[in-house]
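Everything below concerns the one structure shown next.
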Amino acid sequence: MLINRKPYRTIWFENNIVKIINQTKLPHQFIIKDLKTVKDSINAIKNMEVRGAPLIGVTAAYGLVLSIIEKKDQSFLVKSSEDLIAARPTAINLKWAVDRMMKKLSGVNSNEILRIALEEAKAIMDEDVNFCKNIGLNGLKIIEEIAKKKKDTVNILTHCNAGWLATIDWGTATSPIYHAYQKGIKIHVWVDETRPRNQGANLTSYELNEEGIPNTIIADNTGGILMQRGQVDMCIVGSDRTLSTGDVCNKIGTYLKALAAKDNNVPFYVALPSSTIDWSIKNVKDIPIEERDPTELSHIQGLNEDNKLQKILIYPQRSKTMNLAFDITPAKYVTGLITEKGVCEASEKGLKKLFDNK
Ligand code: MRU
């Protein structure tokens with residue numbers, strides 16, 4: 001997608017260095033950062049310089065490439081894989097990508113290991129671009145239907161950033177939006193600010209602006225009244241882990257939007273690549289939900305009067321905080337899952353129809 005009219009992916013590999021866009025500085029500063037060691041990759045994932053389920057998966061895959069460049073040593077590689085998986089436990093794409101890499105590398109001799117690791121990391125990255133593009137084409141059909149009936153601007157509400165910045169290109173929830181816009185459908189996006197880290201305001205609105213798509217940032221509590229007033233035609237959100245039952249784990253606050261959507265008959269879609277589906281567990285209680293640093297709530301970052309990035313405390317100094325990063329939306333509130341293979345019901349039956357080898 002475009003930044004200053006120049007096309008970018010969110011991650012690339014050049015001269016044995018992994019390049020990322022440091023998302024903790026957006027929207028105010030566009031900084032490309034070098035990752036030279038596996039430790040750099042782990043820190044970039046932990047500190048959310050890269051974030052979003054598909055992107056952290058690809059960063060972890062390239063983290064293993066960096067581990068091999070550092071040391072061709074099996075126990076170092078295994079330790080690297082464990083540390084990468086532990087960096088952010090909720091989004092399943094991270095473990096999925098590391099497991100896929102380790103399976104591919106198992107038994108490979110040291111002359112071949114770097115070449116094979118590089119090929120597999122690139123395959124995971126390119127596959128994600130394709131998945132997201134197809135999610136867009138499948139979701140486009142839903143938007144086209146709404147546009148046909150409405151004959152006016154289609155208002156779409158989204159939560160957090162499930163945009164190209166959360167993936168490699170296109171995004172998950174935003175891909176149908178980009179495809180619809182490119183087809184000339186009139187679109188407007190309600191962007192949930194998404195406290196505490198404001199990925200909606202800082203990242204989704206930023207990337208939609210760069211592509212010229214009309215959007216409005218709203219406080220996280222505003223979606224309900226907009227739905228009551230008929231100002232939301234559909235919701236599309238992403239996912240960090242979707243179970244085979246169709247239950248969706250996504251950024252904190254997603255569940256409340258789904259409840260409001262149900263109450264107001266607003267279609268609520270979840271867009272996700274198959275790498276986000278966890279086929280191994282059935283009970284949402286088994287999903288590890290990240291509880292993150294309290295300062296994400298108590299402090300906020302922005303530009304000060306001298307145009308410099310600054311973090312300030314916004315809560316009473318002695319107040320306690322609780323910072324759960326994700327919640328669960330039960331399948332019964334999800335109108336459909338938009339995947340690279342098509343749109344299906346959020347249920348075991350629905351998913352099995354699309355992914356019959358699972
Ligand atoms: O904590 P983050 O910013 O990594 O969380 C990402 C999300 O929750 C996104 O909304 C998303 O839907 C998953 S990534 C496509």
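Labels used: A, B, ... for chains in the order of the structure tokens, numbers from 1 for residues in each chain, and numbers from 1 for ligands as shown.
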
*Nearby residues, ligand 1, 7 Å, only C-alpha atoms and all ligand atoms, as an MDAnalysis selection string*: chainID A and resid 48 51:54 159:163 166:167 171:172 199 237:240 250:251 272 325:326

*Contacts of His188 in chain A at 7 Å or less, counting only C-alpha atoms, minus same-chain residues fewer than 4 places along, as a PyMOL selection string?*
chain A and resi 153-156+214-215

Dump C-alpha atoms for the selected residues as an mmCIF file, in the first residue's frame?
```
data_model
loop_
_atom_site.group_PDB
_atom_site.id
_atom_site.type_symbol
_atom_site.label_atom_id
_atom_site.label_comp_id
_atom_site.auth_asym_id
_atom_site.auth_seq_id
_atom_site.Cartn_x
_atom_site.Cartn_y
_atom_site.Cartn_z
ATOM 1 C CA THR A 153 -22.122 5.845 0.671
ATOM 2 C CA VAL A 154 -21.473 2.586 2.537
ATOM 3 C CA ASN A 155 -20.469 3.247 6.149
ATOM 4 C CA ILE A 156 -18.182 0.587 7.597
ATOM 5 C CA PRO A 214 -12.729 8.954 3.738
ATOM 6 C CA ASN A 215 -12.702 8.035 7.427
#
```

*How many Å separate CA of Leu114 in chain A from CA of Pro273 in chain A?*
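These two atoms are separated by 27.0 Å.
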
*Run DSSP on the backbone and give me the residues of range 21-154 of chain A it puts in strand (DSSP E), as a ChimeraX atom specification.*
/A:21,32-35,154

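Every protein, DNA or RNA residue with an atom at most 7 Å from Met1 in chain A, where only C-alpha atoms count and chain neighbours fewer than 5 positions away do not, is listed here: Pro7, Tyr8, Arg9, Asp169 and Trp170 of chain A.
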
Can those selected residues be exported to a file as a PDB file, in the first residue's frame so that it contains N, CA, C and O atoms?
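Written out: again.pdb:
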```
ATOM      1  N   PRO A   7       4.677   2.835  -2.905  1.00  0.00           N
ATOM      2  CA  PRO A   7       4.204   1.552  -2.372  1.00  0.00           C
ATOM      3  C   PRO A   7       5.212   0.913  -1.409  1.00  0.00           C
ATOM      4  O   PRO A   7       6.419   0.928  -1.658  1.00  0.00           O
ATOM      5  N   TYR A   8       4.703   0.396  -0.307  1.00  0.00           N
ATOM      6  CA  TYR A   8       5.531  -0.274   0.691  1.00  0.00           C
ATOM      7  C   TYR A   8       4.883  -1.582   1.097  1.00  0.00           C
ATOM      8  O   TYR A   8       3.659  -1.695   1.106  1.00  0.00           O
ATOM      9  N   ARG A   9       5.711  -2.533   1.510  1.00  0.00           N
ATOM     10  CA  ARG A   9       5.247  -3.628   2.343  1.00  0.00           C
ATOM     11  C   ARG A   9       5.664  -3.266   3.771  1.00  0.00           C
ATOM     12  O   ARG A   9       6.470  -2.347   3.964  1.00  0.00           O
ATOM     13  N   ASP A 169       0.606  -6.630   3.341  1.00  0.00           N
ATOM     14  CA  ASP A 169      -0.002  -5.724   2.370  1.00  0.00           C
ATOM     15  C   ASP A 169      -1.523  -5.935   2.420  1.00  0.00           C
ATOM     16  O   ASP A 169      -1.972  -6.968   2.902  1.00  0.00           O
ATOM     17  N   TRP A 170      -2.298  -4.996   2.005  1.00  0.00           N
ATOM     18  CA  TRP A 170      -3.762  -5.053   1.911  1.00  0.00           C
ATOM     19  C   TRP A 170      -4.486  -5.021   3.257  1.00  0.00           C
ATOM     20  O   TRP A 170      -5.504  -4.370   3.392  1.00  0.00           O
TER      21      TRP A 170
END
```

*In terms of the shortest atom-to-atom distance over only C-alpha atoms, which of A:Met234, A:Ile177, A:Val78, A:Ile3 is closest to Val98 in chain A?*
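The closest residue to Val98 in chain A is A:Val78.
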
Please report as a Markdown table every residue of range 251-306 of chain A lying within 12 Å of range 343-349 of chain A, along with the nearest atom pair and their distance in Å (one decimal), using only C-alpha atoms.
```
| residue | atom | partner | partner_atom | distance |
| --- | --- | --- | --- | --- |
| A:Phe268 | CA | A:Ala346 | CA | 10.9 |
| A:Tyr269 | CA | A:Ala346 | CA | 9.3 |
| A:Val270 | CA | A:Ala346 | CA | 8.9 |
| A:Ala271 | CA | A:Val343 | CA | 8.9 |
| A:Leu272 | CA | A:Val343 | CA | 10.1 |
| A:Pro273 | CA | A:Val343 | CA | 11.2 |
| A:Ser274 | CA | A:Val343 | CA | 11.9 |
| A:Ile277 | CA | A:Glu348 | CA | 11.2 |
| A:Asp278 | CA | A:Glu348 | CA | 11.7 |
| A:Trp279 | CA | A:Glu348 | CA | 9.9 |
| A:Lys282 | CA | A:Glu348 | CA | 9.8 |
```

Selection export as a short mmCIF file (atom, residue, chain, number, x, y, z; two decimals), in the first residue's frame, atoms kept: all heavy atoms:
```cif
data_model
loop_
_atom_site.label_atom_id
_atom_site.label_comp_id
_atom_site.auth_asym_id
_atom_site.auth_seq_id
_atom_site.Cartn_x
_atom_site.Cartn_y
_atom_site.Cartn_z
N PHE A 268 -22.04 -8.11 11.17
CA PHE A 268 -20.74 -8.04 11.85
C PHE A 268 -19.84 -9.13 11.27
O PHE A 268 -20.03 -10.32 11.53
CB PHE A 268 -20.94 -8.26 13.37
CG PHE A 268 -19.70 -8.02 14.17
CD1 PHE A 268 -19.43 -6.75 14.69
CD2 PHE A 268 -18.79 -9.03 14.41
CE1 PHE A 268 -18.27 -6.51 15.42
CE2 PHE A 268 -17.63 -8.80 15.14
CZ PHE A 268 -17.39 -7.55 15.66
N TYR A 269 -18.88 -8.72 10.44
CA TYR A 269 -17.99 -9.68 9.77
C TYR A 269 -16.59 -9.66 10.38
O TYR A 269 -16.11 -8.62 10.80
CB TYR A 269 -17.87 -9.34 8.28
CG TYR A 269 -19.10 -9.73 7.49
CD1 TYR A 269 -20.12 -8.80 7.25
CD2 TYR A 269 -19.26 -11.03 7.02
CE1 TYR A 269 -21.26 -9.16 6.54
CE2 TYR A 269 -20.39 -11.39 6.31
CZ TYR A 269 -21.38 -10.45 6.08
OH TYR A 269 -22.51 -10.82 5.38
N VAL A 270 -15.97 -10.84 10.38
CA VAL A 270 -14.57 -10.94 10.81
C VAL A 270 -13.76 -11.41 9.60
O VAL A 270 -14.10 -12.41 8.96
CB VAL A 270 -14.43 -11.95 11.97
CG1 VAL A 270 -12.97 -12.06 12.40
CG2 VAL A 270 -15.30 -11.53 13.15
N ALA A 271 -12.70 -10.65 9.28
CA ALA A 271 -11.85 -10.99 8.14
C ALA A 271 -10.55 -11.60 8.67
O ALA A 271 -9.90 -11.00 9.53
CB ALA A 271 -11.55 -9.74 7.31
N LEU A 272 -10.20 -12.77 8.15
CA LEU A 272 -8.99 -13.43 8.67
C LEU A 272 -8.41 -14.40 7.66
O LEU A 272 -9.15 -15.04 6.92
CB LEU A 272 -9.31 -14.18 9.97
CG LEU A 272 -10.19 -15.42 9.84
CD1 LEU A 272 -9.89 -16.38 10.94
CD2 LEU A 272 -11.66 -15.05 9.88
N PRO A 273 -7.08 -14.50 7.64
CA PRO A 273 -6.47 -15.55 6.82
C PRO A 273 -6.49 -16.87 7.58
O PRO A 273 -6.61 -16.87 8.81
CB PRO A 273 -5.02 -15.05 6.65
CG PRO A 273 -4.75 -14.23 7.86
CD PRO A 273 -6.08 -13.65 8.30
N SER A 274 -6.33 -17.99 6.87
CA SER A 274 -6.41 -19.29 7.57
C SER A 274 -5.29 -19.47 8.58
O SER A 274 -5.41 -20.26 9.51
CB SER A 274 -6.39 -20.43 6.55
OG SER A 274 -5.28 -20.27 5.69
N ILE A 277 -6.45 -19.25 12.13
CA ILE A 277 -7.37 -20.24 12.72
C ILE A 277 -6.58 -21.22 13.58
O ILE A 277 -5.59 -21.81 13.13
CB ILE A 277 -8.15 -21.01 11.63
CG1 ILE A 277 -8.88 -20.02 10.72
CG2 ILE A 277 -9.13 -22.00 12.27
CD1 ILE A 277 -9.49 -20.65 9.47
N ASP A 278 -7.01 -21.36 14.83
CA ASP A 278 -6.39 -22.33 15.73
C ASP A 278 -7.26 -23.58 15.72
O ASP A 278 -8.35 -23.60 16.30
CB ASP A 278 -6.30 -21.73 17.15
CG ASP A 278 -5.57 -22.66 18.11
OD1 ASP A 278 -5.37 -23.84 17.74
OD2 ASP A 278 -5.23 -22.21 19.20
N TRP A 279 -6.78 -24.61 15.02
CA TRP A 279 -7.56 -25.86 14.91
C TRP A 279 -7.35 -26.75 16.13
O TRP A 279 -8.01 -27.77 16.28
CB TRP A 279 -7.15 -26.63 13.64
CG TRP A 279 -7.36 -25.86 12.37
CD1 TRP A 279 -6.42 -25.15 11.68
CD2 TRP A 279 -8.60 -25.69 11.64
NE1 TRP A 279 -7.00 -24.56 10.56
CE2 TRP A 279 -8.32 -24.87 10.52
CE3 TRP A 279 -9.91 -26.15 11.83
CZ2 TRP A 279 -9.29 -24.51 9.59
CZ3 TRP A 279 -10.88 -25.79 10.90
CH2 TRP A 279 -10.58 -24.98 9.81
N LYS A 282 -10.62 -26.01 21.34
CA LYS A 282 -12.04 -25.77 21.07
C LYS A 282 -12.65 -24.81 22.10
O LYS A 282 -13.73 -24.26 21.90
CB LYS A 282 -12.83 -27.08 21.12
CG LYS A 282 -12.52 -28.02 19.97
CD LYS A 282 -13.81 -28.65 19.47
CE LYS A 282 -13.63 -29.63 18.36
NZ LYS A 282 -12.65 -29.37 17.35
#
```

*Which polymer residues have any atom within 12 Å of an atom of Ile187 in chain A, counting only C-alpha atoms, with same-chain residues fewer than 6 positions away left out, as an NGL selection string?*
:A and (140 or 143-144 or 146-147 or 150-157 or 174 or 176-181 or 208 or 212-216 or 232-234)

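Minimum atom-to-atom distance to Pro89 in chain A, evaluated using only C-alpha atoms, belongs to A:Ile289 out of A:Ile289, A:Cys132, A:Ala121, A:Leu351.
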
_From the options A:Asp99, A:Glu49, A:Glu211, A:Asp73, which residue's atoms come nearest to Ser175 in chain A, counting only C-alpha atoms?_
A:Glu211
